[in-house]
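Structure data (TSV, C-alpha atoms and all ligand atoms) from start.tsv:
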```tsv
chain	number	residue	atom	x	y	z
A	1	MET	CA	13.77	-14.65	-15.71
A	2	LYS	CA	14.82	-12.70	-12.62
A	3	LYS	CA	13.36	-14.05	-9.38
A	4	ILE	CA	11.94	-11.52	-6.91
A	5	ILE	CA	10.88	-12.41	-3.36
A	6	VAL	CA	7.57	-10.66	-2.63
A	7	THR	CA	6.72	-10.75	1.06
A	8	GLY	CA	3.04	-10.05	1.64
A	9	GLY	CA	2.47	-10.82	-2.03
A	10	ALA	CA	-0.96	-12.31	-1.35
A	11	GLY	CA	-2.21	-9.04	0.16
A	12	TYR	CA	-3.94	-6.07	-1.43
A	13	ILE	CA	-1.02	-4.13	-2.97
A	14	GLY	CA	1.25	-7.20	-3.14
A	15	SER	CA	-1.14	-9.24	-5.31
A	16	HIS	CA	-1.48	-6.39	-7.82
A	17	THR	CA	2.30	-6.01	-7.89
A	18	VAL	CA	2.82	-9.73	-8.50
A	19	VAL	CA	0.59	-9.48	-11.60
A	20	GLU	CA	2.57	-6.48	-12.91
A	21	LEU	CA	5.93	-8.18	-12.20
A	22	ILE	CA	4.87	-11.18	-14.26
A	23	GLU	CA	3.68	-8.97	-17.10
A	24	ALA	CA	7.09	-7.25	-17.03
A	25	GLY	CA	8.94	-10.60	-17.30
A	26	TYR	CA	10.01	-11.10	-13.66
A	27	THR	CA	9.39	-14.29	-11.68
A	28	PRO	CA	7.82	-13.29	-8.36
A	29	ILE	CA	8.01	-15.72	-5.42
A	30	ILE	CA	5.35	-14.90	-2.83
A	31	VAL	CA	6.09	-15.28	0.88
A	32	ASP	CA	2.90	-14.74	2.90
A	33	ASN	CA	1.42	-16.46	5.95
A	34	LEU	CA	-2.08	-15.25	5.02
A	35	CYS	CA	-2.43	-13.58	8.43
A	36	ASN	CA	-4.32	-10.67	6.89
A	37	THR	CA	-5.50	-11.87	3.49
A	38	SER	CA	-7.20	-14.75	1.76
A	39	ILE	CA	-6.08	-17.62	-0.47
A	40	GLN	CA	-8.58	-16.10	-2.93
A	41	ASN	CA	-5.97	-13.54	-3.92
A	42	ILE	CA	-3.50	-16.30	-4.88
A	43	LYS	CA	-6.23	-17.99	-6.95
A	44	GLY	CA	-7.14	-14.62	-8.45
A	45	ILE	CA	-3.53	-13.96	-9.50
A	46	GLU	CA	-3.39	-17.42	-11.11
A	47	LYS	CA	-6.60	-16.74	-13.06
A	48	ILE	CA	-5.30	-13.38	-14.29
A	49	ILE	CA	-1.92	-14.71	-15.41
A	50	ASP	CA	-3.35	-18.09	-16.47
A	51	LYS	CA	-0.65	-20.14	-14.73
A	52	LYS	CA	0.41	-21.28	-11.26
A	53	ILE	CA	2.31	-18.93	-9.01
A	54	LYS	CA	5.06	-20.04	-6.63
A	55	TRP	CA	4.28	-19.18	-3.03
A	56	HIS	CA	5.48	-20.06	0.47
A	57	ASN	CA	3.09	-20.05	3.43
A	58	THR	CA	5.76	-18.63	5.73
A	59	ASP	CA	5.94	-16.11	8.55
A	60	CYS	CA	8.56	-13.52	7.57
A	61	THR	CA	9.51	-12.93	11.20
A	62	ASN	CA	10.67	-16.57	11.49
A	63	LYS	CA	14.36	-16.59	10.50
A	64	SER	CA	14.78	-20.35	10.15
A	65	ALA	CA	11.62	-20.64	8.03
A	66	MET	CA	12.82	-17.75	5.87
A	67	ASP	CA	16.26	-19.41	5.54
A	68	LYS	CA	14.48	-22.41	4.02
A	69	VAL	CA	12.67	-20.19	1.50
A	70	PHE	CA	15.94	-18.64	0.32
A	71	ALA	CA	17.70	-22.03	0.23
A	72	THR	CA	14.89	-23.51	-1.87
A	73	GLU	CA	14.70	-20.65	-4.34
A	74	GLY	CA	18.39	-20.30	-5.29
A	75	LYS	CA	19.42	-17.13	-7.12
A	76	ILE	CA	17.25	-14.14	-6.20
A	77	GLU	CA	17.58	-10.70	-7.80
A	78	GLY	CA	15.82	-8.70	-5.11
A	79	ALA	CA	12.96	-8.42	-2.65
A	80	ILE	CA	9.81	-6.35	-2.38
A	81	HIS	CA	8.67	-6.15	1.22
A	82	PHE	CA	4.93	-5.66	1.75
A	83	ALA	CA	4.47	-7.92	4.78
A	84	ALA	CA	3.31	-5.79	7.69
A	85	TYR	CA	0.20	-4.99	9.71
A	86	LYS	CA	-1.54	-1.81	8.56
A	87	ALA	CA	-4.50	-0.96	10.81
A	88	VAL	CA	-3.63	2.44	12.26
A	89	GLU	CA	-6.18	2.35	15.09
A	90	GLU	CA	-5.22	-1.20	16.15
A	91	SER	CA	-1.59	-0.06	16.31
A	92	VAL	CA	-2.60	2.48	18.97
A	93	GLN	CA	-4.41	-0.24	21.01
A	94	ASN	CA	-1.68	-2.87	20.55
A	95	PRO	CA	1.61	-1.20	19.60
A	96	GLN	CA	3.76	-4.24	20.44
A	97	LYS	CA	2.01	-6.33	17.79
A	98	TYR	CA	3.03	-3.69	15.23
A	99	TYR	CA	6.63	-3.31	16.38
A	100	ASP	CA	7.08	-7.11	16.50
A	101	ASN	CA	5.71	-7.81	13.03
A	102	ASN	CA	6.58	-4.70	11.05
A	103	LEU	CA	10.11	-4.27	12.39
A	104	GLY	CA	10.72	-8.00	12.91
A	105	SER	CA	9.83	-9.00	9.36
A	106	LEU	CA	12.16	-6.38	7.84
A	107	LYS	CA	14.97	-7.34	10.23
A	108	VAL	CA	14.74	-11.02	9.25
A	109	LEU	CA	14.45	-10.23	5.54
A	110	LEU	CA	17.56	-8.01	5.64
A	111	GLN	CA	19.48	-10.76	7.45
A	112	CYS	CA	18.42	-13.35	4.85
A	113	MET	CA	19.38	-10.98	2.05
A	114	SER	CA	22.79	-10.38	3.57
A	115	ASP	CA	23.34	-14.15	4.15
A	116	ASN	CA	22.53	-14.81	0.48
A	117	SER	CA	24.37	-11.77	-0.99
A	118	ILE	CA	21.14	-10.18	-2.27
A	119	LYS	CA	21.40	-6.40	-2.48
A	120	ASN	CA	18.10	-5.00	-3.79
A	121	ILE	CA	15.04	-4.26	-1.67
A	122	ILE	CA	11.91	-2.20	-2.26
A	123	PHE	CA	10.05	-1.26	0.90
A	124	SER	CA	6.36	-0.30	1.34
A	125	SER	CA	6.54	3.01	3.13
A	126	SER	CA	3.76	5.53	3.48
A	127	CYS	CA	3.07	9.25	3.27
A	128	THR	CA	2.22	8.89	6.95
A	129	VAL	CA	6.00	9.38	7.59
A	130	TYR	CA	5.52	13.10	6.82
A	131	GLY	CA	2.68	13.82	9.27
A	132	MET	CA	1.10	17.17	8.28
A	133	PRO	CA	3.67	18.67	5.90
A	134	ASP	CA	4.66	22.35	6.08
A	135	VAL	CA	4.79	22.61	2.29
A	136	LEU	CA	2.31	21.16	-0.22
A	137	PRO	CA	2.62	19.26	-2.45
A	138	VAL	CA	5.07	17.44	-0.18
A	139	ASP	CA	8.39	16.29	-1.64
A	140	GLU	CA	10.79	13.64	-0.41
A	141	SER	CA	13.10	16.11	1.33
A	142	ALA	CA	10.42	17.01	3.92
A	143	LEU	CA	11.51	16.11	7.44
A	144	PHE	CA	9.59	13.37	9.23
A	145	LYS	CA	7.26	14.73	11.93
A	146	LYS	CA	6.48	12.86	15.12
A	147	ALA	CA	4.47	9.81	14.02
A	148	GLU	CA	0.69	9.96	14.58
A	149	SER	CA	0.57	6.26	15.53
A	150	PRO	CA	2.80	3.27	16.30
A	151	TYR	CA	2.00	2.09	12.76
A	152	GLY	CA	3.45	5.33	11.36
A	153	GLU	CA	6.41	5.00	13.66
A	154	THR	CA	7.19	1.52	12.28
A	155	LYS	CA	7.38	3.02	8.78
A	156	GLN	CA	9.80	5.73	9.96
A	157	ILE	CA	11.95	3.19	11.82
A	158	CYS	CA	11.98	0.77	8.84
A	159	GLU	CA	13.22	3.56	6.55
A	160	GLY	CA	16.00	4.13	9.12
A	161	MET	CA	16.83	0.40	9.19
A	162	LEU	CA	17.22	0.43	5.41
A	163	LYS	CA	19.58	3.42	5.59
A	164	ASP	CA	21.74	1.67	8.19
A	165	ASP	CA	21.94	-1.59	6.22
A	166	THR	CA	24.37	-2.33	3.41
A	167	CYS	CA	21.55	-3.07	0.92
A	168	ASN	CA	20.47	-0.97	-2.06
A	169	SER	CA	16.97	0.23	-1.26
A	170	VAL	CA	13.96	2.09	-2.59
A	171	ALA	CA	11.35	3.18	-0.05
A	172	LEU	CA	8.12	3.88	-1.89
A	173	ARG	CA	5.99	6.29	0.11
A	174	TYR	CA	2.46	5.43	-0.92
A	175	PHE	CA	-0.25	8.04	-0.68
A	176	ASN	CA	-3.83	6.65	-0.43
A	177	PRO	CA	-4.15	3.41	-2.48
A	178	ILE	CA	-7.67	2.66	-3.72
A	179	GLY	CA	-9.45	0.49	-6.29
A	180	SER	CA	-8.70	-2.95	-7.66
A	181	HIS	CA	-7.59	-4.86	-10.74
A	182	SER	CA	-10.07	-4.51	-13.64
A	183	SER	CA	-10.84	-8.25	-13.43
A	184	ALA	CA	-12.10	-7.84	-9.83
A	185	LEU	CA	-10.29	-11.13	-9.11
A	186	ILE	CA	-7.84	-9.65	-6.58
A	187	GLY	CA	-8.29	-6.93	-3.97
A	188	ASP	CA	-8.17	-6.07	-0.30
A	189	CYS	CA	-9.05	-9.27	1.59
A	190	SER	CA	-7.90	-7.90	4.92
A	191	ALA	CA	-9.63	-9.23	8.04
A	192	ASP	CA	-9.71	-5.71	9.50
A	193	LYS	CA	-13.04	-3.89	9.57
A	194	PRO	CA	-12.56	-1.19	6.92
A	195	SER	CA	-11.60	2.20	8.27
A	196	ASN	CA	-10.43	3.76	5.00
A	197	LEU	CA	-12.68	6.07	3.03
A	198	VAL	CA	-13.26	4.14	-0.21
A	199	PRO	CA	-13.99	0.69	1.28
A	200	ILE	CA	-16.49	2.42	3.59
A	201	ILE	CA	-18.13	4.16	0.62
A	202	THR	CA	-18.47	0.81	-1.21
A	203	GLU	CA	-19.95	-0.79	1.93
A	204	VAL	CA	-22.58	1.94	2.00
A	205	ALA	CA	-23.25	1.42	-1.71
A	206	ILE	CA	-23.83	-2.31	-1.24
A	207	GLY	CA	-25.96	-1.85	1.89
A	208	LYS	CA	-23.56	-3.23	4.53
A	209	ARG	CA	-23.69	0.20	6.19
A	210	LYS	CA	-26.51	2.72	6.27
A	211	LYS	CA	-24.29	5.76	5.77
A	212	ILE	CA	-20.80	7.17	5.90
A	213	THR	CA	-19.82	9.87	8.36
A	214	VAL	CA	-17.59	12.56	6.89
A	215	PHE	CA	-15.04	13.32	9.60
A	216	GLY	CA	-15.23	17.10	9.86
A	217	ASP	CA	-16.19	19.87	7.43
A	218	ASP	CA	-14.48	22.71	9.30
A	219	TYR	CA	-10.94	22.26	7.98
A	220	ASN	CA	-9.14	25.06	6.18
A	221	THR	CA	-9.82	23.57	2.73
A	222	PRO	CA	-12.16	24.75	-0.08
A	223	ASP	CA	-15.14	22.61	1.04
A	224	GLY	CA	-13.99	22.19	4.65
A	225	THR	CA	-13.22	18.44	4.36
A	226	CYS	CA	-9.78	16.82	4.43
A	227	ILE	CA	-7.70	16.46	1.29
A	228	ARG	CA	-5.80	13.32	0.23
A	229	ASP	CA	-4.03	11.94	-2.84
A	230	TYR	CA	-5.90	8.79	-3.96
A	231	ILE	CA	-3.76	6.52	-6.13
A	232	HIS	CA	-5.14	3.60	-8.17
A	233	VAL	CA	-3.60	0.37	-6.86
A	234	VAL	CA	-2.72	-0.79	-10.40
A	235	ASP	CA	-0.67	2.38	-10.96
A	236	LEU	CA	0.91	1.86	-7.55
A	237	ALA	CA	1.77	-1.75	-8.44
A	238	LYS	CA	3.49	-0.60	-11.62
A	239	SER	CA	5.73	1.75	-9.63
A	240	HIS	CA	7.30	-1.34	-8.00
A	241	VAL	CA	8.30	-2.73	-11.38
A	242	LYS	CA	9.90	0.60	-12.30
A	243	ALA	CA	11.64	0.69	-8.91
A	244	MET	CA	13.04	-2.83	-9.37
A	245	ASN	CA	14.29	-2.00	-12.90
A	246	PHE	CA	15.95	1.07	-11.38
A	247	LEU	CA	17.55	-0.77	-8.43
A	248	ILE	CA	19.04	-3.45	-10.65
A	249	LYS	CA	20.95	-0.67	-12.46
A	250	ASN	CA	21.55	1.79	-9.60
A	251	SER	CA	22.97	1.33	-6.13
A	252	GLY	CA	22.34	3.44	-3.03
A	253	LYS	CA	19.38	4.46	-0.88
A	254	HIS	CA	16.34	6.08	-2.43
A	255	ALA	CA	12.87	7.21	-1.38
A	256	PHE	CA	10.06	8.21	-3.73
A	257	ASN	CA	6.55	9.53	-3.31
A	258	VAL	CA	3.95	7.45	-5.14
A	259	GLY	CA	0.82	9.52	-5.61
A	260	THR	CA	-1.08	11.33	-8.34
A	261	GLY	CA	-0.14	14.83	-7.18
A	262	ILE	CA	-3.84	15.71	-7.10
A	263	GLY	CA	-5.50	16.65	-3.83
A	264	VAL	CA	-9.10	15.43	-3.51
A	265	SER	CA	-11.47	16.29	-0.66
A	266	VAL	CA	-13.67	13.74	1.11
A	267	LEU	CA	-16.83	15.29	-0.41
A	268	GLU	CA	-15.25	15.29	-3.88
A	269	ALA	CA	-14.31	11.62	-3.48
A	270	ILE	CA	-17.90	10.71	-2.55
A	271	LYS	CA	-19.22	12.72	-5.51
A	272	VAL	CA	-16.83	11.06	-7.99
A	273	PHE	CA	-17.86	7.63	-6.67
A	274	GLU	CA	-21.54	8.56	-7.08
A	275	GLU	CA	-21.13	9.91	-10.61
A	276	SER	CA	-18.82	7.15	-11.86
A	277	ASN	CA	-21.10	4.38	-10.63
A	278	ASN	CA	-24.48	6.11	-10.83
A	279	ILE	CA	-25.20	5.40	-7.16
A	280	THR	CA	-26.24	7.78	-4.38
A	281	ILE	CA	-24.19	7.55	-1.18
A	282	ASN	CA	-25.91	8.40	2.09
A	283	TYR	CA	-23.57	10.52	4.18
A	284	THR	CA	-23.65	12.84	7.18
A	285	ILE	CA	-21.13	15.29	8.52
A	286	GLY	CA	-19.63	14.28	11.87
A	287	PRO	CA	-16.84	15.50	14.12
A	288	ARG	CA	-13.18	15.37	13.17
A	289	ARG	CA	-11.38	12.03	13.61
A	290	ASP	CA	-8.48	12.06	16.09
A	291	GLY	CA	-5.09	12.10	14.39
A	292	ASP	CA	-6.38	13.13	10.94
A	293	ILE	CA	-4.22	15.64	9.15
A	294	GLU	CA	-5.88	18.43	7.17
A	295	GLN	CA	-4.33	17.82	3.79
A	296	ILE	CA	-1.55	15.99	2.01
A	297	TYR	CA	-0.76	15.28	-1.62
A	298	ALA	CA	2.41	14.30	-3.43
A	299	ASN	CA	5.01	16.18	-5.36
A	300	GLY	CA	5.73	13.51	-7.96
A	301	SER	CA	8.66	15.15	-9.79
A	302	LEU	CA	11.35	12.87	-8.36
A	303	VAL	CA	9.65	9.56	-9.09
A	304	LYS	CA	8.88	10.77	-12.61
A	305	SER	CA	12.43	11.86	-13.36
A	306	LYS	CA	14.24	8.93	-11.68
A	307	LEU	CA	11.88	6.00	-12.28
A	308	GLY	CA	9.94	7.28	-15.29
A	309	TRP	CA	6.73	6.54	-13.40
A	310	GLU	CA	3.58	8.62	-13.13
A	311	ALA	CA	-0.04	7.79	-12.40
A	312	LYS	CA	-2.14	7.00	-15.47
A	313	GLU	CA	-5.50	5.85	-14.13
A	314	THR	CA	-8.23	8.37	-13.31
A	315	LEU	CA	-10.08	8.72	-10.03
A	316	GLU	CA	-13.24	7.65	-11.91
A	317	GLN	CA	-11.58	4.40	-13.04
A	318	ALA	CA	-10.39	3.76	-9.49
A	319	MET	CA	-13.91	4.29	-8.09
A	320	ILE	CA	-15.48	1.99	-10.71
A	321	SER	CA	-12.94	-0.75	-9.93
A	322	ALA	CA	-13.49	-0.32	-6.18
A	323	TRP	CA	-17.22	-0.82	-6.67
A	324	ASN	CA	-16.67	-3.86	-8.93
A	325	TRP	CA	-14.46	-5.40	-6.23
A	326	GLU	CA	-17.12	-4.83	-3.55
A	327	LYS	CA	-19.77	-6.46	-5.75
A	328	SER	CA	-17.51	-9.43	-6.49
A	329	LYS	CA	-17.20	-10.16	-2.74
A	330	LYS	CA	-20.95	-10.99	-2.38
B	1	LIG	P1	-2.39	-6.25	3.29
B	1	LIG	O1	-2.67	-6.51	4.72
B	1	LIG	O2	-3.45	-6.53	2.29
B	1	LIG	O3	-1.07	-7.03	2.83
B	1	LIG	C1	-0.03	-7.38	3.71
B	1	LIG	C2	0.25	-8.85	3.50
B	1	LIG	O4	1.32	-9.26	4.33
B	1	LIG	C3	-0.94	-9.74	3.86
B	1	LIG	O5	-1.18	-10.64	2.81
B	1	LIG	C4	-0.48	-10.48	5.11
B	1	LIG	O6	-1.06	-11.78	5.19
B	1	LIG	C5	1.01	-10.49	4.94
B	1	LIG	N1	1.79	-10.53	6.18
B	1	LIG	C6	1.74	-9.67	7.22
B	1	LIG	N2	2.64	-10.04	8.15
B	1	LIG	C7	3.27	-11.13	7.69
B	1	LIG	C8	4.31	-11.96	8.17
B	1	LIG	N3	4.88	-11.76	9.37
B	1	LIG	N4	4.72	-13.00	7.41
B	1	LIG	C9	4.17	-13.24	6.20
B	1	LIG	N5	3.18	-12.49	5.68
B	1	LIG	C10	2.73	-11.46	6.43
B	1	LIG	O7	-1.91	-4.73	3.20
B	1	LIG	P2	-1.63	-3.81	1.93
B	1	LIG	O8	-2.65	-2.74	1.93
B	1	LIG	O9	-1.43	-4.63	0.74
B	1	LIG	O10	-0.27	-3.15	2.39
B	1	LIG	C11	0.98	-3.65	1.95
B	1	LIG	C12	2.06	-2.81	2.55
B	1	LIG	O11	1.88	-1.45	2.14
B	1	LIG	C13	2.12	-2.78	4.06
B	1	LIG	O12	3.46	-2.73	4.47
B	1	LIG	C14	1.41	-1.49	4.42
B	1	LIG	O13	1.83	-0.98	5.64
B	1	LIG	C15	1.86	-0.60	3.27
B	1	LIG	N6	0.97	0.53	2.99
B	1	LIG	C16	-0.36	0.29	2.79
B	1	LIG	C17	-1.21	1.37	2.55
B	1	LIG	C18	-2.69	1.15	2.37
B	1	LIG	O14	-3.45	2.11	2.53
B	1	LIG	N7	-3.15	-0.03	2.00
B	1	LIG	C19	-0.68	2.67	2.50
B	1	LIG	C20	0.68	2.87	2.70
B	1	LIG	C21	1.51	1.77	2.96
B	2	LIG	C1	-9.11	9.40	4.05
B	2	LIG	C2	-9.97	10.62	4.35
B	2	LIG	C3	-10.69	10.80	6.63
B	2	LIG	C4	-13.35	7.36	6.70
B	2	LIG	C5	-4.66	6.02	6.29
B	2	LIG	C6	-3.44	5.78	7.12
B	2	LIG	C7	-2.21	5.99	6.30
B	2	LIG	C8	-2.25	5.15	5.03
B	2	LIG	C9	-3.53	5.30	4.30
B	2	LIG	C10	-1.04	3.12	5.41
B	2	LIG	C11	-9.61	11.28	5.68
B	2	LIG	C12	-11.87	10.63	5.71
B	2	LIG	C13	-12.45	8.31	6.27
B	2	LIG	C14	-14.67	7.75	7.03
B	2	LIG	C15	-14.13	10.01	6.47
B	2	LIG	N1	-2.13	3.76	5.31
B	2	LIG	N2	-12.84	9.62	6.16
B	2	LIG	N3	-15.02	9.06	6.91
B	2	LIG	O1	-6.39	8.56	7.11
B	2	LIG	O2	-5.53	9.43	4.90
B	2	LIG	O3	-4.63	7.34	5.80
B	2	LIG	O4	-4.64	5.12	5.18
B	2	LIG	O5	0.09	3.53	5.42
B	2	LIG	O6	-1.12	5.65	7.08
B	2	LIG	O7	-3.44	6.68	8.21
B	2	LIG	O8	-6.95	7.36	4.94
B	2	LIG	O9	-8.95	6.36	3.98
B	2	LIG	O10	-8.74	6.50	6.50
B	2	LIG	O11	-9.11	8.57	5.20
B	2	LIG	O12	-14.49	11.18	6.37
B	2	LIG	O13	-15.52	6.93	7.46
B	2	LIG	O14	-11.34	10.18	4.49
B	2	LIG	O15	-11.00	11.73	7.64
B	2	LIG	O16	-9.74	12.65	5.50
B	2	LIG	P1	-5.88	8.29	5.76
B	2	LIG	P2	-8.47	7.10	5.17
```

Translate this file's structure into structure tokens.
Ligand code: NAD
Ligand code: WQD
Amino acid sequence: MKKIIVTGGAGYIGSHTVVELIEAGYTPIIVDNLCNTSIQNIKGIEKIIDKKIKWHNTDCTNKSAMDKVFATEGKIEGAIHFAAYKAVEESVQNPQKYYDNNLGSLKVLLQCMSDNSIKNIIFSSSCTVYGMPDVLPVDESALFKKAESPYGETKQICEGMLKDDTCNSVALRYFNPIGSHSSALIGDCSADKPSNLVPIITEVAIGKRKKITVFGDDYNTPDGTCIRDYIHVVDLAKSHVKAMNFLIKNSGKHAFNVGTGIGVSVLEAIKVFEESNNITINYTIGPRRDGDIEQIYANGSLVKSKLGWEAKETLEQAMISAWNWEKSKK
């Protein structure tokens, strides 16, 4: 059973990935200091897999603490690095916090890997590295634009750090992850007040908010609202298993888009949520949000041909699971 270090494995995407790694026969070892999640996700993983999971309550930026993790665990096949802060707006208010944690955790992890002769790393990157692409759907050869936020800049810098290191790496550039595991036992337990579209829709549905404001309907898109590529988190989790299988057999540096390839507008997303869950969402049209790009969606040819991965879940399934997760939090 190949051991995989999963930093941030108690978080939203990490917890789903841990479940998929176990189902694929890997032994994930979680390293998470719970700074932006809840112990509930660890308990949820254990309920889903019906056994205990090995985890270390450790700050990934702390080299000596990380040394202990690697010394305790013995032979490790590779690492999947989720641990980072992710609130875009907070990164504008407090950039240092983002540079310290997001760059610091990768730096320490790469040092530990090198010290222990571990070659394989999968990194959580983001479509934010592209900014507003010149060509849609965007493919991996698109040049990075100036980052819209310090958060985005940390993703660009981390991809550079991976290129400069001697490791074998896959940067997975996630589009917009949404939804939850069908059990509703794991999900986004982040302490941040939601700022993403789908968690805000579910908060309106449950009555935590009166309405959602659609940020602008005067974009150059069919209904005037912004277009994104919403990817079910379970599909996204599975892409990490494919990437690890790939890295174990292939060396070098790789980057793949992980999206559905389908562009969905804000109004379409609200409508699909309403129809899938039979709930009416109160919304109004407001001004554009600073820093929003008009549209982005993935060209998924490369990830399909190299990793054999493509999205399987529908937007309807994602919206149903997002609503089930919100209800389970009551
Ligand atoms: P999350 O906040 O739910 O998960 C991150 C986890 O890392 C949390 O459990 C947190 O406690 C842990 N963590 C953070 N810093 C740590 C540290 N120094 N030491 C140990 N643990 C630490 O976020 P997520 O949505 O699951 O995102 C996972 C990764 O994917 C992040 O790198 C994020 O930037 C990236 N990403 C997320 C999205 C998204 O929309 N959710 C999109 C693109 C990329
Ligand atoms: C989606 C669409 C909004 C809230 C962010 C990060 C990105 C990545 C994913 C990590 C946009 C609209 C939203 C609302 C709205 N994260 N919207 N009303 O901005 O595409 O990406 O999360 O890497 O880096 O920037 O996602 O969910 O915030 O917005 O109209 O109350 O929904 O304008 O068009 P975004 P989002």

Subject >> Residue nearest ligand LIG 1 (chain B) among A:Gly216, A:Gly300, A:Gly152, A:Gly11 (counting only C-alpha atoms and all ligand atoms) >> reply: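 Result for the nearest residue to ligand LIG 1 (chain B): A:Gly11.
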
Subject >> Counting all atoms listed in the file, the residue of A:Leu136, A:Val31, A:Met161, A:Ile200 that sits nearest Gly263 in chain A >> reply: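 Checking each of A:Leu136, A:Val31, A:Met161, A:Ile200 against Gly263 in chain A, counting all atoms listed in the file, the winner is A:Leu136.
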
Return as lines of an AutoDock Vina configuration file the box centre and box size in Å, one decimal, for an axis-aligned box around all listed atoms of ligand LIG 2 (chain B) padded by 6 Å per side.
```
center_x = -7.7
center_y = 7.9
center_z = 6.1
size_x = 27.6
size_y = 21.5
size_z = 16.2
```

Original post:
Skipping near chain neighbours, those fewer than 5 positions away, what residues fall within 12 Å of Ala65 in chain A using all atoms listed in the file, listed as a list of chain:residue names?
Top reply: A:Val31, A:Asp32, A:Asn33, A:His56, A:Asn57, A:Thr58, A:Asp59, A:Cys60, A:Phe70, A:Ala71, A:Thr72, A:Ser105, A:Val108, A:Leu109, A:Cys112

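Ranking A:Ser321, A:Ser91, A:Asn299, A:Ser251 by their shortest atom-to-atom distance to ligand LIG 2 (chain B), with all atoms listed in the file included, puts A:Ser91 first.
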
Subject >> Among the residues A:Thr202, A:Thr7, A:Ser149, A:Thr284, the one that comes closest to Trp323 in chain A [using only C-alpha atoms] >> reply: A:Thr202

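In this structure, CA of Ile118 in chain A sits 24.5 Å away from CA of Gly308 in chain A.
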
Could you give me, as CSV, every chain A residue with an atom at most 7 Å from ligand LIG 2 (chain B), plus its closest atom pair and distance in Å to one decimal, counting all atoms listed in the file, rows ordered by chain then number?
```
residue,atom,partner,partner_atom,distance
A:Lys86,CA,B:LIG2,C10,5.9
A:Val88,CA,B:LIG2,O7,5.9
A:Ser125,CA,B:LIG2,O5,6.9
A:Ser126,CA,B:LIG2,O5,4.6
A:Cys127,CA,B:LIG2,O6,6.7
A:Thr128,CA,B:LIG2,O6,4.7
A:Gly152,CA,B:LIG2,O6,6.3
A:Phe175,CA,B:LIG2,C9,6.6
A:Asn176,CA,B:LIG2,C9,4.9
A:Ser195,CA,B:LIG2,O10,5.5
A:Asn196,CA,B:LIG2,O9,3.2
A:Leu197,CA,B:LIG2,O9,3.9
A:Val198,CA,B:LIG2,O9,6.4
A:Ile200,CA,B:LIG2,O13,6.0
A:Ile212,CA,B:LIG2,O13,5.5
A:Thr213,CA,B:LIG2,N3,5.1
A:Val214,CA,B:LIG2,O12,3.4
A:Phe215,CA,B:LIG2,O12,3.9
A:Gly216,CA,B:LIG2,O12,6.9
A:Thr225,CA,B:LIG2,O16,6.9
A:Cys226,CA,B:LIG2,O16,4.3
A:Ile227,CA,B:LIG2,O16,6.0
A:Arg228,CA,B:LIG2,O2,6.1
A:Val266,CA,B:LIG2,O14,5.4
A:Arg288,CA,B:LIG2,O15,7.0
A:Arg289,CA,B:LIG2,O15,6.0
A:Asp292,CA,B:LIG2,O15,5.8
```

Selection to disk with C-alpha atoms, as an mmCIF file, in the coordinates of the input:
```
data_model
loop_
_atom_site.group_PDB
_atom_site.id
_atom_site.type_symbol
_atom_site.label_atom_id
_atom_site.label_comp_id
_atom_site.auth_asym_id
_atom_site.auth_seq_id
_atom_site.Cartn_x
_atom_site.Cartn_y
_atom_site.Cartn_z
ATOM 1 C CA LYS A 86 -1.540 -1.810 8.560
ATOM 2 C CA VAL A 88 -3.630 2.440 12.260
ATOM 3 C CA SER A 125 6.540 3.010 3.130
ATOM 4 C CA SER A 126 3.760 5.530 3.480
ATOM 5 C CA CYS A 127 3.070 9.250 3.270
ATOM 6 C CA THR A 128 2.220 8.890 6.950
ATOM 7 C CA GLY A 152 3.450 5.330 11.360
ATOM 8 C CA PHE A 175 -0.250 8.040 -0.680
ATOM 9 C CA ASN A 176 -3.830 6.650 -0.430
ATOM 10 C CA SER A 195 -11.600 2.200 8.270
ATOM 11 C CA ASN A 196 -10.430 3.760 5.000
ATOM 12 C CA LEU A 197 -12.680 6.070 3.030
ATOM 13 C CA VAL A 198 -13.260 4.140 -0.210
ATOM 14 C CA ILE A 200 -16.490 2.420 3.590
ATOM 15 C CA ILE A 212 -20.800 7.170 5.900
ATOM 16 C CA THR A 213 -19.820 9.870 8.360
ATOM 17 C CA VAL A 214 -17.590 12.560 6.890
ATOM 18 C CA PHE A 215 -15.040 13.320 9.600
ATOM 19 C CA GLY A 216 -15.230 17.100 9.860
ATOM 20 C CA THR A 225 -13.220 18.440 4.360
ATOM 21 C CA CYS A 226 -9.780 16.820 4.430
ATOM 22 C CA ILE A 227 -7.700 16.460 1.290
ATOM 23 C CA ARG A 228 -5.800 13.320 0.230
ATOM 24 C CA VAL A 266 -13.670 13.740 1.110
ATOM 25 C CA ARG A 288 -13.180 15.370 13.170
ATOM 26 C CA ARG A 289 -11.380 12.030 13.610
ATOM 27 C CA ASP A 292 -6.380 13.130 10.940
#
```

Subject >> Residue nearest Ala87 in chain A among A:Ala311, A:Ile262, A:Ala191, A:Ile186 (counting only C-alpha atoms) >> reply: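 The shortest atom-to-atom distance to Ala87 in chain A comes from A:Ala191.
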
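Atom C2 of ligand LIG 1 (chain B) is found 6.0 Å from CA of Asn36 in chain A.
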
Can you tell me, as an mmCIF file with C-alpha atoms, keeping the file's coordinate frame, what residues are no more than 9 Å from Lys271 in chain A when counting only C-alpha atoms, ignoring any on the same chain fewer than 4 positions away?
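Output (selection.cif):
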```cif
data_model
loop_
_atom_site.group_PDB
_atom_site.id
_atom_site.type_symbol
_atom_site.label_atom_id
_atom_site.label_comp_id
_atom_site.auth_asym_id
_atom_site.auth_seq_id
_atom_site.Cartn_x
_atom_site.Cartn_y
_atom_site.Cartn_z
ATOM 1 C CA VAL A 266 -13.670 13.740 1.110
ATOM 2 C CA LEU A 267 -16.830 15.290 -0.410
ATOM 3 C CA GLU A 275 -21.130 9.910 -10.610
ATOM 4 C CA SER A 276 -18.820 7.150 -11.860
ATOM 5 C CA THR A 280 -26.240 7.780 -4.380
ATOM 6 C CA ILE A 281 -24.190 7.550 -1.180
#
```
